[in-house]
file coords-v3.cif (mmCIF, C-alpha atoms)
data_protein
#
loop_
_atom_site.group_PDB
_atom_site.id
_atom_site.type_symbol
_atom_site.label_atom_id
_atom_site.label_comp_id
_atom_site.auth_asym_id
_atom_site.auth_seq_id
_atom_site.Cartn_x
_atom_site.Cartn_y
_atom_site.Cartn_z
ATOM 1 C CA MET A 9 0.000 0.000 0.000
ATOM 2 C CA ALA A 10 1.503 3.342 -1.052
ATOM 3 C CA THR A 11 1.748 5.947 1.695
ATOM 4 C CA ILE A 12 3.337 9.365 2.175
ATOM 5 C CA GLU A 13 3.396 10.559 5.777
ATOM 6 C CA GLY A 14 0.534 8.240 6.647
ATOM 7 C CA ALA A 15 -1.620 8.950 3.604
ATOM 8 C CA ILE A 16 -3.423 6.103 1.841
ATOM 9 C CA PHE A 17 -3.936 6.364 -1.900
ATOM 10 C CA SER A 18 -6.916 4.146 -2.565
ATOM 11 C CA ALA A 19 -10.050 5.426 -4.307
ATOM 12 C CA ALA A 20 -12.027 4.622 -1.153
ATOM 13 C CA ASP A 21 -9.796 6.898 0.897
ATOM 14 C CA PHE A 22 -10.007 9.604 -1.789
ATOM 15 C CA ARG A 23 -13.811 9.403 -1.619
ATOM 16 C CA ARG A 24 -13.706 9.610 2.173
ATOM 17 C CA ARG A 25 -11.459 12.692 2.131
ATOM 18 C CA VAL A 26 -13.749 14.480 -0.316
ATOM 19 C CA LEU A 27 -16.992 13.586 1.474
ATOM 20 C CA GLU A 28 -15.593 14.467 4.894
ATOM 21 C CA ASP A 29 -14.236 17.803 3.751
ATOM 22 C CA GLY A 30 -16.246 19.766 6.284
ATOM 23 C CA GLU A 31 -18.130 22.703 4.800
ATOM 24 C CA GLY A 32 -19.980 21.953 1.573
ATOM 25 C CA VAL A 33 -18.405 23.159 -1.632
ATOM 26 C CA ALA A 34 -21.422 25.342 -2.388
ATOM 27 C CA GLU A 35 -20.856 27.243 0.875
ATOM 28 C CA ARG A 36 -17.164 27.782 0.129
ATOM 29 C CA GLU A 37 -17.079 28.529 -3.587
ATOM 30 C CA ASP A 38 -17.541 32.281 -3.384
ATOM 31 C CA ARG A 39 -14.853 32.582 -0.719
ATOM 32 C CA GLU A 40 -12.352 30.177 -2.245
ATOM 33 C CA ALA A 41 -12.794 30.697 -5.976
ATOM 34 C CA ARG A 42 -10.639 33.805 -5.779
ATOM 35 C CA ASP A 43 -7.798 31.699 -4.410
ATOM 36 C CA ILE A 44 -7.693 28.960 -7.070
ATOM 37 C CA GLY A 45 -6.348 29.423 -10.566
ATOM 38 C CA ASP A 46 -3.455 30.552 -12.713
ATOM 39 C CA HIS A 47 -3.382 33.873 -10.849
ATOM 40 C CA ILE A 48 -1.878 32.147 -7.791
ATOM 41 C CA LEU A 49 1.507 32.110 -9.502
ATOM 42 C CA ASN A 50 0.707 35.074 -11.758
ATOM 43 C CA PRO A 51 -1.167 37.667 -9.689
ATOM 44 C CA SER A 52 -0.739 40.407 -12.295
ATOM 45 C CA VAL A 53 -2.666 38.482 -14.983
ATOM 46 C CA ARG A 54 -5.648 37.387 -12.917
ATOM 47 C CA LEU A 55 -8.747 37.200 -15.145
ATOM 48 C CA SER A 56 -11.467 38.631 -12.977
ATOM 49 C CA GLY A 57 -13.252 41.918 -12.625
ATOM 50 C CA GLU A 58 -15.035 44.402 -14.820
ATOM 51 C CA GLY A 59 -14.949 43.898 -18.575
ATOM 52 C CA ILE A 60 -13.777 40.278 -18.548
ATOM 53 C CA ARG A 61 -16.165 37.509 -19.535
ATOM 54 C CA LEU A 62 -15.014 34.018 -18.604
ATOM 55 C CA LYS A 63 -16.119 30.919 -20.495
ATOM 56 C CA ASP A 64 -17.639 28.221 -18.271
ATOM 57 C CA ALA A 65 -16.236 24.711 -18.562
ATOM 58 C CA ALA A 66 -16.234 21.496 -16.531
ATOM 59 C CA VAL A 67 -13.683 18.702 -16.300
ATOM 60 C CA LEU A 68 -13.884 15.274 -14.701
ATOM 61 C CA VAL A 69 -11.092 14.120 -12.389
ATOM 62 C CA PRO A 70 -11.583 10.327 -12.730
ATOM 63 C CA VAL A 71 -9.982 8.279 -9.938
ATOM 64 C CA ILE A 72 -10.067 4.557 -10.762
ATOM 65 C CA ASP A 73 -11.012 2.290 -7.870
ATOM 66 C CA ASP A 74 -8.447 -0.490 -8.178
ATOM 67 C CA GLY A 75 -7.463 -1.684 -4.740
ATOM 68 C CA ASP A 76 -4.831 0.114 -2.712
ATOM 69 C CA GLU A 77 -3.247 2.008 -5.614
ATOM 70 C CA ALA A 78 -5.781 4.281 -7.291
ATOM 71 C CA ARG A 79 -4.978 5.761 -10.691
ATOM 72 C CA VAL A 80 -6.160 8.947 -12.373
ATOM 73 C CA ILE A 81 -7.196 9.179 -16.032
ATOM 74 C CA PHE A 82 -5.767 11.869 -18.301
ATOM 75 C CA THR A 83 -6.048 12.577 -22.010
ATOM 76 C CA GLN A 84 -3.520 13.822 -24.537
ATOM 77 C CA ARG A 85 -5.386 16.339 -26.697
ATOM 78 C CA THR A 86 -4.975 16.328 -30.469
ATOM 79 C CA LYS A 87 -2.853 19.030 -32.037
ATOM 80 C CA THR A 88 -5.773 20.209 -34.181
ATOM 81 C CA LEU A 89 -7.960 21.476 -31.340
ATOM 82 C CA ARG A 90 -8.486 25.213 -31.030
ATOM 83 C CA ASN A 91 -7.755 25.450 -27.292
ATOM 84 C CA HIS A 92 -4.796 23.831 -25.516
ATOM 85 C CA SER A 93 -3.966 21.624 -28.506
ATOM 86 C CA GLY A 94 -1.523 18.792 -27.857
ATOM 87 C CA GLN A 95 -1.615 19.283 -24.100
ATOM 88 C CA ILE A 96 -2.473 16.836 -21.339
ATOM 89 C CA SER A 97 -5.844 17.428 -19.720
ATOM 90 C CA PHE A 98 -8.724 15.873 -17.847
ATOM 91 C CA PRO A 99 -11.784 14.855 -19.887
ATOM 92 C CA GLY A 100 -14.092 17.832 -20.173
ATOM 93 C CA GLY A 101 -15.111 20.905 -22.086
ATOM 94 C CA GLY A 102 -17.560 23.767 -22.302
ATOM 95 C CA ILE A 103 -20.806 23.761 -20.325
ATOM 96 C CA ASP A 104 -23.726 23.779 -22.769
ATOM 97 C CA ALA A 105 -27.088 25.435 -22.177
ATOM 98 C CA GLN A 106 -28.806 22.048 -21.924
ATOM 99 C CA ASP A 107 -26.437 20.771 -19.205
ATOM 100 C CA ARG A 108 -28.309 20.693 -15.914
ATOM 101 C CA SER A 109 -25.142 21.042 -13.831
ATOM 102 C CA PRO A 110 -21.335 21.045 -14.106
ATOM 103 C CA GLU A 111 -21.461 17.359 -13.178
ATOM 104 C CA GLU A 112 -23.754 16.672 -16.134
ATOM 105 C CA ALA A 113 -21.429 18.596 -18.447
ATOM 106 C CA ALA A 114 -18.362 16.722 -17.207
ATOM 107 C CA LEU A 115 -20.060 13.335 -17.635
ATOM 108 C CA ARG A 116 -21.306 14.227 -21.118
ATOM 109 C CA GLU A 117 -17.910 15.468 -22.244
ATOM 110 C CA THR A 118 -16.230 12.360 -20.825
ATOM 111 C CA GLU A 119 -18.561 10.135 -22.829
ATOM 112 C CA GLU A 120 -17.963 12.190 -25.971
ATOM 113 C CA GLU A 121 -14.171 12.386 -25.605
ATOM 114 C CA ILE A 122 -13.144 8.943 -24.370
ATOM 115 C CA GLY A 123 -16.304 6.840 -24.597
ATOM 116 C CA MET A 124 -16.526 6.037 -20.872
ATOM 117 C CA SER A 125 -20.085 5.183 -19.854
ATOM 118 C CA ARG A 126 -21.354 7.256 -16.949
ATOM 119 C CA ARG A 127 -22.730 4.118 -15.290
ATOM 120 C CA PHE A 128 -19.168 3.411 -14.123
ATOM 121 C CA ILE A 129 -18.709 6.904 -12.673
ATOM 122 C CA GLU A 130 -19.638 8.138 -9.198
ATOM 123 C CA THR A 131 -19.259 11.881 -8.744
ATOM 124 C CA VAL A 132 -18.232 12.608 -5.162
ATOM 125 C CA GLY A 133 -17.578 16.336 -5.044
ATOM 126 C CA ARG A 134 -16.484 19.441 -6.834
ATOM 127 C CA MET A 135 -13.552 21.788 -6.378
ATOM 128 C CA PRO A 136 -14.106 25.546 -6.345
ATOM 129 C CA ASP A 137 -13.823 27.167 -9.762
ATOM 130 C CA TYR A 138 -10.355 27.230 -11.301
ATOM 131 C CA ILE A 139 -9.791 30.511 -13.156
ATOM 132 C CA SER A 140 -7.434 30.029 -16.082
ATOM 133 C CA GLY A 141 -5.195 32.627 -17.647
ATOM 134 C CA THR A 142 -6.749 31.734 -21.003
ATOM 135 C CA GLY A 143 -10.194 32.976 -20.004
ATOM 136 C CA PHE A 144 -11.973 29.880 -18.676
ATOM 137 C CA ARG A 145 -13.869 29.346 -15.431
ATOM 138 C CA ILE A 146 -13.307 25.615 -14.946
ATOM 139 C CA LYS A 147 -15.361 23.498 -12.545
ATOM 140 C CA PRO A 148 -13.367 20.366 -11.595
ATOM 141 C CA VAL A 149 -15.743 17.496 -10.789
ATOM 142 C CA LEU A 150 -14.200 14.796 -8.584
ATOM 143 C CA ALA A 151 -15.203 11.217 -9.338
ATOM 144 C CA VAL A 152 -14.485 7.592 -8.487
ATOM 145 C CA VAL A 153 -14.580 5.170 -11.426
ATOM 146 C CA ARG A 154 -15.565 1.532 -11.036
ATOM 147 C CA PRO A 155 -13.374 -0.978 -12.939
ATOM 148 C CA GLY A 156 -14.809 -2.771 -15.971
ATOM 149 C CA PHE A 157 -15.235 0.243 -18.240
ATOM 150 C CA THR A 158 -14.103 0.366 -21.839
ATOM 151 C CA LEU A 159 -12.723 3.401 -23.641
ATOM 152 C CA THR A 160 -13.238 4.581 -27.208
ATOM 153 C CA PRO A 161 -11.314 7.851 -27.619
ATOM 154 C CA ASN A 162 -12.702 10.361 -30.097
ATOM 155 C CA PRO A 163 -9.849 10.759 -32.626
ATOM 156 C CA ALA A 164 -10.928 14.318 -33.412
ATOM 157 C CA GLU A 165 -10.224 15.371 -29.813
ATOM 158 C CA VAL A 166 -7.998 12.803 -28.110
ATOM 159 C CA ASP A 167 -4.713 11.305 -29.266
ATOM 160 C CA GLU A 168 -4.213 9.071 -26.218
ATOM 161 C CA VAL A 169 -5.699 8.162 -22.846
ATOM 162 C CA PHE A 170 -3.353 7.206 -20.018
ATOM 163 C CA GLU A 171 -3.294 6.764 -16.242
ATOM 164 C CA VAL A 172 -1.087 8.113 -13.449
ATOM 165 C CA PRO A 173 -0.987 6.737 -9.881
ATOM 166 C CA LEU A 174 -2.787 8.962 -7.388
ATOM 167 C CA SER A 175 0.179 8.495 -5.040
ATOM 168 C CA PHE A 176 2.474 10.148 -7.604
ATOM 169 C CA LEU A 177 0.137 13.089 -8.142
ATOM 170 C CA MET A 178 -0.424 13.695 -4.429
ATOM 171 C CA ASN A 179 3.299 13.659 -3.610
ATOM 172 C CA PRO A 180 4.492 17.294 -3.441
ATOM 173 C CA ALA A 181 8.012 16.131 -4.276
ATOM 174 C CA ASN A 182 6.712 15.607 -7.825
ATOM 175 C CA HIS A 183 5.390 19.182 -8.104
ATOM 176 C CA SER A 184 7.665 21.896 -9.437
ATOM 177 C CA ARG A 185 7.254 25.365 -10.888
ATOM 178 C CA GLY A 186 8.111 26.187 -14.463
ATOM 179 C CA SER A 187 7.840 29.302 -16.601
ATOM 180 C CA ARG A 188 7.477 30.353 -20.223
ATOM 181 C CA MET A 189 7.297 33.627 -22.087
ATOM 182 C CA PHE A 190 3.751 34.380 -23.219
ATOM 183 C CA GLN A 191 2.728 37.590 -24.978
ATOM 184 C CA GLY A 192 5.957 39.209 -23.901
ATOM 185 C CA ARG A 193 5.643 38.317 -20.221
ATOM 186 C CA GLU A 194 6.995 35.468 -18.131
ATOM 187 C CA ARG A 195 4.170 33.212 -16.935
ATOM 188 C CA PHE A 196 4.612 30.704 -14.124
ATOM 189 C CA PHE A 197 2.836 27.360 -13.716
ATOM 190 C CA TYR A 198 3.031 23.991 -11.990
ATOM 191 C CA GLU A 199 4.532 21.027 -13.804
ATOM 192 C CA MET A 200 4.537 17.314 -12.929
ATOM 193 C CA PRO A 201 6.521 15.269 -15.454
ATOM 194 C CA TYR A 202 5.595 11.582 -15.357
ATOM 195 C CA GLY A 203 7.864 9.480 -17.538
ATOM 196 C CA GLU A 204 7.423 10.761 -21.072
ATOM 197 C CA ARG A 205 4.255 12.650 -20.096
ATOM 198 C CA TYR A 206 4.499 16.359 -19.332
ATOM 199 C CA ILE A 207 1.609 17.431 -17.104
ATOM 200 C CA TRP A 208 1.618 21.201 -16.693
ATOM 201 C CA GLY A 209 -0.430 24.385 -16.746
ATOM 202 C CA ILE A 210 -4.128 24.238 -15.903
ATOM 203 C CA THR A 211 -4.175 20.457 -15.421
ATOM 204 C CA ALA A 212 -1.206 20.504 -13.053
ATOM 205 C CA GLY A 213 -2.759 23.483 -11.266
ATOM 206 C CA ILE A 214 -5.947 21.526 -10.628
ATOM 207 C CA VAL A 215 -3.934 18.546 -9.360
ATOM 208 C CA ARG A 216 -1.992 20.856 -7.065
ATOM 209 C CA SER A 217 -5.221 22.364 -5.677
ATOM 210 C CA ILE A 218 -6.552 18.849 -4.938
ATOM 211 C CA TYR A 219 -3.324 18.022 -3.104
ATOM 212 C CA GLU A 220 -3.490 21.231 -1.057
ATOM 213 C CA ARG A 221 -7.121 20.699 -0.124
ATOM 214 C CA PHE A 222 -7.167 17.000 0.725
ATOM 215 C CA TYR A 223 -3.609 15.724 1.243
ATOM 216 C CA SER A 224 -1.386 18.522 2.537
#
call {"tool": "encode", "arguments": {"input": "coords-v3.cif", "output": "structure tokens"}}
result
Amino acid sequence: MATIEGAIFSAADFRRRVLEDGEGVAEREDREARDIGDHILNPSVRLSGEGIRLKDAAVLVPVIDDGDEARVIFTQRTKTLRNHSGQISFPGGGIDAQDRSPEEAALRETEEEIGMSRRFIETVGRMPDYISGTGFRIKPVLAVVRPGFTLTPNPAEVDEVFEVPLSFLMNPANHSRGSRMFQGRERFFYEMPYGERYIWGITAGIVRSIYERFYS
């Protein structure tokens, strides 16, 4: 069983941590949303306030229930997509008018992107909104996935689907800060290289926020 300072990295323990988080997410969102997003490392480029319209999106953070060593599903986006092409992300996308909730949007997008049936997915919570430097208000939906599912990635959106151990992602030793020049300014972000996979930017920021909330 993988542990770091007493932590257990099973899906059951992940579920317990989320459900026992104390105050409900709905009661905390307004207070905490200002503290989650790309602006944490880049306070001068925070996208909030008058004149800025953020696009609403939802992503699913799928934690596979597979004994003592849970794994998290990620996608490698195709290079032809308009936003964040070629990058590693969680399944998800824009919230449509017909979506009844962010959870519904995340489940729908997951089915469309990787072909995972929602009957294998149990949503267990939601993180406060993650404000991205690219103009999105992202609602990360936390979920536990029952084994037995099959995947059929949509080739128009997803090049590959892969998994990373939850224990790796929740180990702060694997979190570092990187930077790149963007529009003439240096932008900072979290990065979590895993083998040949380079997890960074928004996705790494969401992972980091999950670590800080439930495992730090």
call {"tool": "closest_residue", "arguments": {"input": "coords-v3.cif", "among": "A:Leu62, A:Ala19, A:Val67, A:Ile72", "to": "Glu121 (chain A)", "atoms": "all atoms listed in the file"}}
result
A:Val67
call {"tool": "residues_around", "arguments": {"input": "coords-v3.cif", "residues": "Ser52 (chain A)", "least_positions_apart": "6", "cutoff": "12 Å", "atoms": "only C-alpha atoms", "output": "ChimeraX atom specification"}}
result
/A:46,141,193-196
call {"tool": "closest_residue", "arguments": {"input": "coords-v3.cif", "among": "A:Ile103, A:Val149, A:Val132, A:Leu115", "to": "Asp64 (chain A)", "atoms": "all atoms listed in the file"}}
result
A:Ile103
call {"tool": "closest_residue", "arguments": {"input": "coords-v3.cif", "among": "A:Ser140, A:Ser125, A:Asn182, A:Ser175", "to": "Ile207 (chain A)", "atoms": "all atoms listed in the file"}}
result
A:Asn182
call {"tool": "closest_residue", "arguments": {"input": "coords-v3.cif", "among": "A:Gly45, A:Pro180, A:Gly209, A:Pro99", "to": "Glu165 (chain A)", "atoms": "only C-alpha atoms"}}
result
A:Pro99
